[in-house]
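> Just one file: data.cif, with mmCIF, C-alpha atoms.
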data_start
#
loop_
_atom_site.group_PDB
_atom_site.id
_atom_site.type_symbol
_atom_site.label_atom_id
_atom_site.label_comp_id
_atom_site.auth_asym_id
_atom_site.auth_seq_id
_atom_site.Cartn_x
_atom_site.Cartn_y
_atom_site.Cartn_z
ATOM 1 C CA MET A 10 5.185 17.212 33.818
ATOM 2 C CA LYS A 11 5.956 18.972 30.561
ATOM 3 C CA GLN A 12 6.734 15.593 28.953
ATOM 4 C CA VAL A 13 3.365 14.154 30.046
ATOM 5 C CA ALA A 14 1.557 17.136 28.551
ATOM 6 C CA THR A 15 3.330 16.732 25.215
ATOM 7 C CA LEU A 16 2.970 12.934 25.033
ATOM 8 C CA PRO A 17 -0.304 12.845 23.000
ATOM 9 C CA ALA A 18 1.102 15.467 20.658
ATOM 10 C CA ARG A 19 4.273 13.407 20.211
ATOM 11 C CA VAL A 20 2.270 10.229 19.549
ATOM 12 C CA LEU A 21 0.199 12.058 16.914
ATOM 13 C CA TRP A 22 3.294 13.579 15.304
ATOM 14 C CA ASN A 23 5.077 10.195 15.203
ATOM 15 C CA ALA A 24 1.996 8.597 13.625
ATOM 16 C CA PHE A 25 1.893 11.358 11.008
ATOM 17 C CA PHE A 26 5.644 11.654 10.384
ATOM 18 C CA TRP A 27 6.161 7.915 10.060
ATOM 19 C CA THR A 28 9.789 6.754 10.366
ATOM 20 C CA TYR A 29 9.327 3.265 11.832
ATOM 21 C CA GLU A 30 10.425 0.124 10.013
ATOM 22 C CA ARG A 31 8.126 -2.793 9.224
ATOM 23 C CA ALA A 32 7.778 -5.531 11.887
ATOM 24 C CA THR A 33 8.152 -3.132 14.828
ATOM 25 C CA TRP A 34 5.517 -2.811 17.552
ATOM 26 C CA GLN A 35 4.614 0.650 16.269
ATOM 27 C CA TYR A 36 3.970 -0.877 12.833
ATOM 28 C CA ASP A 37 1.756 -3.550 14.445
ATOM 29 C CA VAL A 38 -0.295 -0.860 16.224
ATOM 30 C CA MET A 39 -0.776 1.055 12.974
ATOM 31 C CA VAL A 40 -1.795 -2.139 11.126
ATOM 32 C CA PHE A 41 -4.342 -3.075 13.826
ATOM 33 C CA THR A 42 -5.766 0.461 13.803
ATOM 34 C CA ILE A 43 -6.196 0.335 10.018
ATOM 35 C CA LEU A 44 -7.765 -3.144 10.108
ATOM 36 C CA ALA A 45 -10.136 -2.024 12.867
ATOM 37 C CA PHE A 46 -11.235 0.922 10.717
ATOM 38 C CA VAL A 47 -11.655 -1.221 7.582
ATOM 39 C CA TRP A 48 -13.519 -4.098 9.215
ATOM 40 C CA LEU A 49 -15.455 -2.413 12.007
ATOM 41 C CA THR A 50 -16.698 0.764 10.350
ATOM 42 C CA PRO A 51 -20.277 0.206 9.103
ATOM 43 C CA PRO A 52 -20.293 0.284 5.266
ATOM 44 C CA ASP A 53 -23.434 2.455 5.460
ATOM 45 C CA TRP A 54 -21.478 5.164 7.304
ATOM 46 C CA LEU A 55 -19.028 5.352 4.395
ATOM 47 C CA ARG A 56 -21.843 4.965 1.806
ATOM 48 C CA ASP A 57 -19.919 1.979 0.399
ATOM 49 C CA PRO A 58 -21.151 1.381 -3.175
ATOM 50 C CA MET A 59 -20.554 -2.391 -2.984
ATOM 51 C CA ALA A 60 -21.321 -3.327 0.628
ATOM 52 C CA SER A 61 -24.182 -2.545 2.936
ATOM 53 C CA GLY A 62 -25.192 -3.085 6.530
ATOM 54 C CA ASP A 63 -24.253 -1.813 9.933
ATOM 55 C CA GLY A 64 -21.061 -3.813 10.466
ATOM 56 C CA PRO A 65 -19.877 -4.793 13.949
ATOM 57 C CA ILE A 66 -19.987 -1.227 15.348
ATOM 58 C CA GLY A 67 -23.525 -0.637 14.086
ATOM 59 C CA TRP A 68 -24.638 -3.994 15.479
ATOM 60 C CA PHE A 69 -23.099 -3.144 18.860
ATOM 61 C CA LEU A 70 -24.707 0.316 18.932
ATOM 62 C CA ARG A 71 -28.083 -1.209 18.029
ATOM 63 C CA ARG A 72 -27.794 -3.757 20.859
ATOM 64 C CA LEU A 73 -26.847 -0.953 23.201
ATOM 65 C CA ALA A 74 -29.932 1.038 22.211
ATOM 66 C CA GLU A 75 -32.286 -1.926 22.733
ATOM 67 C CA MET B 20 8.923 -10.685 17.500
ATOM 68 C CA THR B 21 5.927 -8.738 16.272
ATOM 69 C CA VAL B 22 2.676 -10.046 14.755
ATOM 70 C CA THR B 23 3.430 -8.557 11.332
ATOM 71 C CA GLY B 24 6.955 -10.014 11.559
ATOM 72 C CA ILE B 25 5.546 -13.518 12.188
ATOM 73 C CA ILE B 26 3.052 -13.164 9.301
ATOM 74 C CA GLY B 27 5.909 -12.019 7.036
ATOM 75 C CA ARG B 28 8.015 -15.057 7.976
ATOM 76 C CA ILE B 29 5.108 -17.457 7.369
ATOM 77 C CA CYS B 30 4.452 -15.920 3.929
ATOM 78 C CA MET B 31 8.143 -16.232 3.055
ATOM 79 C CA LEU B 32 8.093 -20.054 3.369
ATOM 80 C CA PRO B 33 6.128 -20.814 0.139
ATOM 81 C CA LEU B 34 7.744 -17.831 -1.597
ATOM 82 C CA ARG B 35 11.210 -19.316 -0.958
ATOM 83 C CA LEU B 36 10.152 -22.437 -2.869
ATOM 84 C CA ILE B 37 8.829 -20.379 -5.799
ATOM 85 C CA ILE B 38 12.030 -18.293 -5.864
ATOM 86 C CA SER B 39 14.151 -21.455 -5.888
ATOM 87 C CA ALA B 40 12.033 -22.916 -8.710
ATOM 88 C CA CYS B 41 12.418 -19.743 -10.815
ATOM 89 C CA VAL B 42 16.187 -19.716 -10.233
ATOM 90 C CA ALA B 43 16.423 -23.408 -11.168
ATOM 91 C CA LEU B 44 14.412 -22.768 -14.350
ATOM 92 C CA ARG B 45 16.601 -19.704 -15.136
ATOM 93 C CA ILE B 46 13.545 -17.471 -15.669
ATOM 94 C CA HIS B 47 14.792 -13.921 -16.169
ATOM 95 C CA PRO B 48 13.544 -11.548 -13.422
ATOM 96 C CA ASN B 49 12.461 -8.928 -16.011
ATOM 97 C CA ILE B 50 10.096 -11.514 -17.514
ATOM 98 C CA LEU B 51 8.676 -12.247 -14.061
ATOM 99 C CA THR B 52 8.046 -8.511 -13.607
ATOM 100 C CA PHE B 53 6.252 -8.353 -16.950
ATOM 101 C CA ILE B 54 4.103 -11.441 -16.223
ATOM 102 C CA GLY B 55 3.162 -9.781 -12.911
ATOM 103 C CA VAL B 56 1.796 -6.660 -14.596
ATOM 104 C CA LEU B 57 -0.190 -8.695 -17.126
ATOM 105 C CA ILE B 58 -1.855 -10.645 -14.313
ATOM 106 C CA ASN B 59 -2.497 -7.361 -12.489
ATOM 107 C CA PHE B 60 -4.370 -6.099 -15.572
ATOM 108 C CA ALA B 61 -6.627 -9.155 -15.209
ATOM 109 C CA ALA B 62 -7.177 -8.262 -11.527
ATOM 110 C CA ALA B 63 -8.108 -4.735 -12.593
ATOM 111 C CA GLY B 64 -10.634 -6.212 -15.019
ATOM 112 C CA ALA B 65 -12.191 -8.282 -12.248
ATOM 113 C CA LEU B 66 -12.384 -5.185 -10.022
ATOM 114 C CA ALA B 67 -14.074 -3.288 -12.860
ATOM 115 C CA LEU B 68 -16.698 -6.026 -13.071
ATOM 116 C CA GLY B 69 -17.231 -5.928 -9.300
ATOM 117 C CA LYS B 70 -15.887 -9.471 -8.861
ATOM 118 C CA PHE B 71 -13.862 -8.672 -5.769
ATOM 119 C CA VAL B 72 -13.009 -12.187 -4.588
ATOM 120 C CA THR B 73 -11.800 -13.176 -8.067
ATOM 121 C CA ALA B 74 -9.804 -9.936 -8.191
ATOM 122 C CA GLY B 75 -8.298 -10.761 -4.789
ATOM 123 C CA VAL B 76 -7.171 -14.218 -5.932
ATOM 124 C CA ILE B 77 -5.652 -12.787 -9.135
ATOM 125 C CA MET B 78 -3.911 -10.041 -7.123
ATOM 126 C CA VAL B 79 -2.298 -12.665 -4.864
ATOM 127 C CA ILE B 80 -0.912 -14.486 -7.929
ATOM 128 C CA ALA B 81 0.217 -11.241 -9.615
ATOM 129 C CA ASN B 82 1.995 -10.009 -6.538
ATOM 130 C CA ILE B 83 3.880 -13.266 -6.076
ATOM 131 C CA PHE B 84 5.596 -12.419 -9.380
ATOM 132 C CA ASP B 85 5.972 -8.834 -8.288
ATOM 133 C CA PHE B 86 7.562 -9.820 -5.004
ATOM 134 C CA ILE B 87 9.935 -12.516 -6.198
ATOM 135 C CA ASP B 88 11.465 -10.733 -9.211
ATOM 136 C CA GLY B 89 13.996 -8.813 -7.127
ATOM 137 C CA LYS B 90 14.909 -11.860 -5.044
ATOM 138 C CA VAL B 91 15.313 -14.009 -8.167
ATOM 139 C CA ALA B 92 17.545 -11.309 -9.697
ATOM 140 C CA ILE B 93 19.795 -11.393 -6.618
ATOM 141 C CA GLU B 94 20.002 -15.202 -6.513
ATOM 142 C CA MET B 95 20.663 -15.467 -10.254
ATOM 143 C CA GLY B 96 23.254 -12.693 -10.105
ATOM 144 C CA ALA B 97 21.154 -10.800 -12.667
ATOM 145 C CA VAL B 98 20.818 -7.529 -10.731
ATOM 146 C CA SER B 99 21.066 -4.591 -13.127
ATOM 147 C CA ALA B 100 20.311 -0.879 -13.190
ATOM 148 C CA PHE B 101 17.828 -1.463 -15.993
ATOM 149 C CA GLY B 102 16.126 -4.222 -13.967
ATOM 150 C CA GLY B 103 15.528 -1.748 -11.122
ATOM 151 C CA PHE B 104 14.205 0.864 -13.532
ATOM 152 C CA TRP B 105 11.993 -1.684 -15.351
ATOM 153 C CA ASP B 106 10.578 -2.932 -12.037
ATOM 154 C CA SER B 107 9.713 0.602 -10.870
ATOM 155 C CA VAL B 108 8.021 1.506 -14.152
ATOM 156 C CA ILE B 109 6.035 -1.731 -14.353
ATOM 157 C CA ASP B 110 4.991 -1.353 -10.688
ATOM 158 C CA ARG B 111 3.373 2.000 -11.533
ATOM 159 C CA PHE B 112 1.367 0.356 -14.340
ATOM 160 C CA SER B 113 0.223 -2.331 -11.891
ATOM 161 C CA ASP B 114 -0.749 0.257 -9.271
ATOM 162 C CA ILE B 115 -2.638 2.491 -11.673
ATOM 163 C CA SER B 116 -4.471 -0.383 -13.362
ATOM 164 C CA LEU B 117 -6.063 -1.509 -10.084
ATOM 165 C CA PHE B 118 -7.276 2.028 -9.334
ATOM 166 C CA ILE B 119 -8.631 2.383 -12.886
ATOM 167 C CA GLY B 120 -10.550 -0.879 -12.471
ATOM 168 C CA LEU B 121 -12.243 0.529 -9.366
ATOM 169 C CA ILE B 122 -12.876 3.926 -10.980
ATOM 170 C CA TYR B 123 -14.598 2.152 -13.886
ATOM 171 C CA LEU B 124 -16.750 0.141 -11.460
ATOM 172 C CA TYR B 125 -17.813 3.157 -9.402
ATOM 173 C CA SER B 126 -18.559 5.205 -12.517
ATOM 174 C CA GLN B 127 -20.728 2.348 -13.847
ATOM 175 C CA LEU B 128 -22.612 2.441 -10.529
ATOM 176 C CA GLY B 129 -23.046 6.212 -10.906
ATOM 177 C CA ARG B 130 -21.069 6.909 -7.741
ATOM 178 C CA THR B 131 -19.189 10.109 -8.543
ATOM 179 C CA ASP B 132 -18.163 10.474 -4.889
ATOM 180 C CA TYR B 133 -16.176 7.232 -4.931
ATOM 181 C CA VAL B 134 -14.843 7.931 -8.423
ATOM 182 C CA MET B 135 -13.283 11.075 -6.911
ATOM 183 C CA ILE B 136 -12.063 9.335 -3.712
ATOM 184 C CA THR B 137 -10.427 6.551 -5.753
ATOM 185 C CA ALA B 138 -8.936 9.041 -8.235
ATOM 186 C CA LEU B 139 -7.452 11.067 -5.367
ATOM 187 C CA ALA B 140 -6.107 7.897 -3.721
ATOM 188 C CA MET B 141 -4.510 6.998 -7.077
ATOM 189 C CA MET B 142 -2.985 10.463 -7.441
ATOM 190 C CA PHE B 143 -1.353 10.354 -4.009
ATOM 191 C CA ALA B 144 -0.277 6.725 -4.430
ATOM 192 C CA ILE B 145 1.611 7.742 -7.581
ATOM 193 C CA MET B 146 2.998 10.863 -5.878
ATOM 194 C CA THR B 147 4.268 8.633 -3.032
ATOM 195 C CA SER B 148 6.572 6.898 -5.498
ATOM 196 C CA TYR B 149 7.428 10.070 -7.402
ATOM 197 C CA THR B 150 8.375 12.116 -4.322
ATOM 198 C CA ARG B 151 10.768 9.415 -3.176
ATOM 199 C CA ALA B 152 12.342 8.964 -6.606
ATOM 200 C CA ARG B 153 12.759 12.747 -7.042
ATOM 201 C CA ALA B 154 13.952 13.277 -3.462
ATOM 202 C CA GLU B 155 16.597 10.590 -3.783
ATOM 203 C CA SER B 156 18.087 12.492 -6.698
ATOM 204 C CA LEU B 157 18.723 15.321 -4.196
ATOM 205 C CA ILE B 158 19.298 13.577 -0.842
ATOM 206 C CA ALA B 159 20.695 10.186 0.154
ATOM 207 C CA LYS B 160 17.485 8.494 1.309
ATOM 208 C CA CYS B 161 13.818 9.392 1.536
ATOM 209 C CA LYS B 162 12.137 6.381 3.100
ATOM 210 C CA VAL B 163 9.556 7.887 5.415
ATOM 211 C CA GLY B 164 5.778 7.548 5.486
ATOM 212 C CA PHE B 165 3.627 4.510 6.172
ATOM 213 C CA MET B 166 1.701 3.946 2.935
ATOM 214 C CA GLU B 167 4.222 2.381 0.576
ATOM 215 C CA ARG B 168 3.483 -0.099 -2.214
ATOM 216 C CA PRO B 169 3.423 -3.340 -0.138
ATOM 217 C CA GLU B 170 0.939 -1.774 2.312
ATOM 218 C CA ARG B 171 -1.245 -0.609 -0.590
ATOM 219 C CA ILE B 172 -1.238 -4.031 -2.226
ATOM 220 C CA VAL B 173 -2.121 -5.855 1.003
ATOM 221 C CA LEU B 174 -4.917 -3.352 1.641
ATOM 222 C CA PHE B 175 -6.276 -3.884 -1.878
ATOM 223 C CA MET B 176 -6.333 -7.653 -1.192
ATOM 224 C CA ILE B 177 -8.032 -7.191 2.184
ATOM 225 C CA GLY B 178 -10.617 -4.888 0.614
ATOM 226 C CA ALA B 179 -11.257 -7.360 -2.197
ATOM 227 C CA PHE B 180 -11.540 -10.497 -0.071
ATOM 228 C CA THR B 181 -13.726 -8.903 2.614
ATOM 229 C CA ASN B 182 -15.716 -6.542 0.356
ATOM 230 C CA ARG B 183 -14.515 -3.446 2.169
ATOM 231 C CA MET B 184 -12.989 -1.596 -0.781
ATOM 232 C CA ALA B 185 -14.584 1.744 0.114
ATOM 233 C CA ALA B 186 -12.925 1.808 3.543
ATOM 234 C CA VAL B 187 -9.652 0.712 1.934
ATOM 235 C CA MET B 188 -9.808 3.628 -0.543
ATOM 236 C CA TRP B 189 -10.236 6.047 2.374
ATOM 237 C CA VAL B 190 -7.240 4.541 4.194
ATOM 238 C CA ILE B 191 -5.010 4.507 1.104
ATOM 239 C CA GLY B 192 -6.058 8.065 0.219
ATOM 240 C CA VAL B 193 -5.521 9.633 3.637
ATOM 241 C CA LEU B 194 -2.303 7.772 4.506
ATOM 242 C CA SER B 195 -0.848 8.448 1.036
ATOM 243 C CA VAL B 196 -1.412 12.179 1.584
ATOM 244 C CA PHE B 197 0.527 11.873 4.876
ATOM 245 C CA THR B 198 3.286 9.866 3.174
ATOM 246 C CA VAL B 199 3.748 12.450 0.422
ATOM 247 C CA ALA B 200 3.772 15.230 3.053
ATOM 248 C CA ASP B 201 6.369 13.290 5.125
ATOM 249 C CA ARG B 202 8.638 13.012 2.104
ATOM 250 C CA ILE B 203 8.352 16.684 1.254
ATOM 251 C CA ILE B 204 9.083 17.646 4.890
ATOM 252 C CA LEU B 205 12.093 15.315 5.117
ATOM 253 C CA THR B 206 13.545 16.535 1.821
ATOM 254 C CA TYR B 207 13.062 20.181 2.842
ATOM 255 C CA ARG B 208 14.783 19.595 6.192
ATOM 256 C CA GLU B 209 17.706 17.656 4.696
ATOM 257 C CA LEU B 210 18.326 20.266 1.991
ATOM 258 C CA ARG B 211 18.000 23.129 4.511
ATOM 259 C CA ASP B 212 20.515 21.439 6.876
ATOM 260 C CA ALA B 213 22.917 20.799 4.007
ATOM 261 C CA ARG B 214 22.663 24.473 2.989
ATOM 262 C CA ARG B 215 23.356 25.632 6.555
ATOM 263 C CA GLU B 216 26.365 23.338 6.842
ATOM 264 C CA ALA B 217 27.691 24.672 3.552
ATOM 265 C CA VAL B 218 27.376 28.258 4.851
ATOM 266 C CA VAL B 219 29.181 27.419 8.153
#
Mind turning the file's structure into structure tokens?

Amino acid sequence: MKQVATLPARVLWNAFFWTYERATWQYDVMVFTILAFVWLTPPDWLRDPMASGDGPIGWFLRRLAE
Amino acid sequence: MTVTGIIGRICMLPLRLIISACVALRIHPNILTFIGVLINFAAAGALALGKFVTAGVIMVIANIFDFIDGKVAIEMGAVSAFGGFWDSVIDRFSDISLFIGLIYLYSQLGRTDYVMITALAMMFAIMTSYTRARAESLIAKCKVGFMERPERIVLFMIGAFTNRMAAVMWVIGVLSVFTVADRIILTYRELRDARREAVV
């Protein structure tokens, strides 16, 4: 029970204190998370000086609101 | 086999041919390193002009040189202490030049916010290398933290090719802060443990 309670904390700590090698499944997860942030976050949210628009997340949220 | 592992193996196929060609032509690895930084300066120029796709293409070419120099040195039997030092120094010039290109672009656009974000990302990217180099003069190995040079370079390319450089600067900045913190924590722990063992 104690282990279950500390699991999210351990995941967060392991993501912060990164000791995994490249080409491990943990590395893949990190890479996909980063790519999701880079490609899905609407440039307008980040006030990107070179790109504009809602991006996939903004488009999805707009569809949801319609 | 992981996805990143498969991508790495696919990328290695053409690189093997280039490495073999350089070995056959007896091109000295230190010259390859130097050519790499010169091409990276051109990529920085393209970034400064806001020509991201051009910058991305130039970065791919520059980093081929950057990647193969060590492998060519091994295959030619030309590994030397100076070669390692030269490579590290030149890599810092390459790193910093790309950030400076972006800082110039954002300042031209009057975007002080992204000038600061990029400058901070640059500071922590440099500190990532420095903390490891300094730590490894005190402890055996300090290879922790996610955001090392290959990750930074690939992110720069992704940002350039897909016009998502702002998001990339955020990622490099935040994860470089974590990487520097990881290295400080590891070094502190290792030195503390060594001190305790010495006392006992």
> For B:Ser116, find every residue with an atom within 9 Å (counting all atoms listed in the file), except residues of its own chain fewer than 4 positions away, and show them as a list in words.
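Here the answer would be Val56, Asn59, Phe60, Ala62, Ala63, Gly64, Arg111, Phe112, Gly120 and Leu121 of chain B.
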> Based on only C-alpha atoms, which of the residues in chain A come within 12 Å of chain B? I want them as a VMD selection string.
chain A and resid 22 to 62 64
> Can you spit out the residues from that selection as an mmCIF file, keeping the file's coordinate frame, using C-alpha atoms?

data_model
loop_
_atom_site.group_PDB
_atom_site.id
_atom_site.type_symbol
_atom_site.label_atom_id
_atom_site.label_comp_id
_atom_site.auth_asym_id
_atom_site.auth_seq_id
_atom_site.Cartn_x
_atom_site.Cartn_y
_atom_site.Cartn_z
ATOM 1 C CA TRP A 22 3.294 13.579 15.304
ATOM 2 C CA ASN A 23 5.077 10.195 15.203
ATOM 3 C CA ALA A 24 1.996 8.597 13.625
ATOM 4 C CA PHE A 25 1.893 11.358 11.008
ATOM 5 C CA PHE A 26 5.644 11.654 10.384
ATOM 6 C CA TRP A 27 6.161 7.915 10.060
ATOM 7 C CA THR A 28 9.789 6.754 10.366
ATOM 8 C CA TYR A 29 9.327 3.265 11.832
ATOM 9 C CA GLU A 30 10.425 0.124 10.013
ATOM 10 C CA ARG A 31 8.126 -2.793 9.224
ATOM 11 C CA ALA A 32 7.778 -5.531 11.887
ATOM 12 C CA THR A 33 8.152 -3.132 14.828
ATOM 13 C CA TRP A 34 5.517 -2.811 17.552
ATOM 14 C CA GLN A 35 4.614 0.650 16.269
ATOM 15 C CA TYR A 36 3.970 -0.877 12.833
ATOM 16 C CA ASP A 37 1.756 -3.550 14.445
ATOM 17 C CA VAL A 38 -0.295 -0.860 16.224
ATOM 18 C CA MET A 39 -0.776 1.055 12.974
ATOM 19 C CA VAL A 40 -1.795 -2.139 11.126
ATOM 20 C CA PHE A 41 -4.342 -3.075 13.826
ATOM 21 C CA THR A 42 -5.766 0.461 13.803
ATOM 22 C CA ILE A 43 -6.196 0.335 10.018
ATOM 23 C CA LEU A 44 -7.765 -3.144 10.108
ATOM 24 C CA ALA A 45 -10.136 -2.024 12.867
ATOM 25 C CA PHE A 46 -11.235 0.922 10.717
ATOM 26 C CA VAL A 47 -11.655 -1.221 7.582
ATOM 27 C CA TRP A 48 -13.519 -4.098 9.215
ATOM 28 C CA LEU A 49 -15.455 -2.413 12.007
ATOM 29 C CA THR A 50 -16.698 0.764 10.350
ATOM 30 C CA PRO A 51 -20.277 0.206 9.103
ATOM 31 C CA PRO A 52 -20.293 0.284 5.266
ATOM 32 C CA ASP A 53 -23.434 2.455 5.460
ATOM 33 C CA TRP A 54 -21.478 5.164 7.304
ATOM 34 C CA LEU A 55 -19.028 5.352 4.395
ATOM 35 C CA ARG A 56 -21.843 4.965 1.806
ATOM 36 C CA ASP A 57 -19.919 1.979 0.399
ATOM 37 C CA PRO A 58 -21.151 1.381 -3.175
ATOM 38 C CA MET A 59 -20.554 -2.391 -2.984
ATOM 39 C CA ALA A 60 -21.321 -3.327 0.628
ATOM 40 C CA SER A 61 -24.182 -2.545 2.936
ATOM 41 C CA GLY A 62 -25.192 -3.085 6.530
ATOM 42 C CA GLY A 64 -21.061 -3.813 10.466
#
> What's around B:Gly89 at 12 Å? Count all atoms listed in the file, leave out sequence neighbours fewer than 2 positions away in its own chain, and write the answer as an MDAnalysis selection string.
chainID B and resid 38 41:42 47:52 83:87 91:100 102:107
> Using Å and a single decimal, report how far atom CA of B:Thr150 sits from atom CA of B:Arg214.
20.3 Å
> Quick one: pull the distance between atom CA of B:Ala144 and atom CA of B:Leu68, Å, one decimal.
22.5 Å
> Could you check which of B:Ala159, B:Leu139, B:Ala61, B:Ala67 is closest to B:Ala81, using all atoms listed in the file?
B:Ala61
> Would you mind completing stretch 35-49 of chain A so that it carries N, CA and C atoms, and writing it out as a compact mmCIF listing (two decimals), keeping the file's coordinate frame?

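Written out: part03.txt:
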# COMPACT_ATOMS: atom_id res chain seq x y z
N GLN A 35 5.36 -0.53 16.76
CA GLN A 35 4.61 0.65 16.27
C GLN A 35 3.89 0.31 14.97
N TYR A 36 4.57 -0.46 14.11
CA TYR A 36 3.97 -0.88 12.83
C TYR A 36 2.75 -1.76 13.10
N ASP A 37 2.89 -2.68 14.07
CA ASP A 37 1.76 -3.55 14.44
C ASP A 37 0.55 -2.73 14.88
N VAL A 38 0.80 -1.70 15.72
CA VAL A 38 -0.30 -0.86 16.22
C VAL A 38 -0.99 -0.17 15.06
N MET A 39 -0.20 0.37 14.14
CA MET A 39 -0.78 1.06 12.97
C MET A 39 -1.62 0.08 12.14
N VAL A 40 -1.08 -1.13 11.92
CA VAL A 40 -1.80 -2.14 11.13
C VAL A 40 -3.13 -2.50 11.80
N PHE A 41 -3.10 -2.71 13.11
CA PHE A 41 -4.34 -3.08 13.83
C PHE A 41 -5.35 -1.92 13.78
N THR A 42 -4.86 -0.71 13.88
CA THR A 42 -5.77 0.46 13.80
C THR A 42 -6.45 0.52 12.43
N ILE A 43 -5.65 0.30 11.38
CA ILE A 43 -6.20 0.34 10.02
C ILE A 43 -7.22 -0.79 9.82
N LEU A 44 -6.85 -2.01 10.27
CA LEU A 44 -7.76 -3.14 10.11
C LEU A 44 -9.05 -2.92 10.89
N ALA A 45 -8.94 -2.32 12.07
CA ALA A 45 -10.14 -2.02 12.87
C ALA A 45 -11.04 -1.06 12.09
N PHE A 46 -10.44 -0.04 11.50
CA PHE A 46 -11.24 0.92 10.72
C PHE A 46 -11.91 0.23 9.52
N VAL A 47 -11.13 -0.59 8.80
CA VAL A 47 -11.66 -1.22 7.58
C VAL A 47 -12.78 -2.21 7.91
N TRP A 48 -12.57 -3.01 8.95
CA TRP A 48 -13.52 -4.10 9.22
C TRP A 48 -14.66 -3.70 10.15
N LEU A 49 -14.42 -2.74 11.02
CA LEU A 49 -15.46 -2.41 12.01
C LEU A 49 -16.37 -1.27 11.59
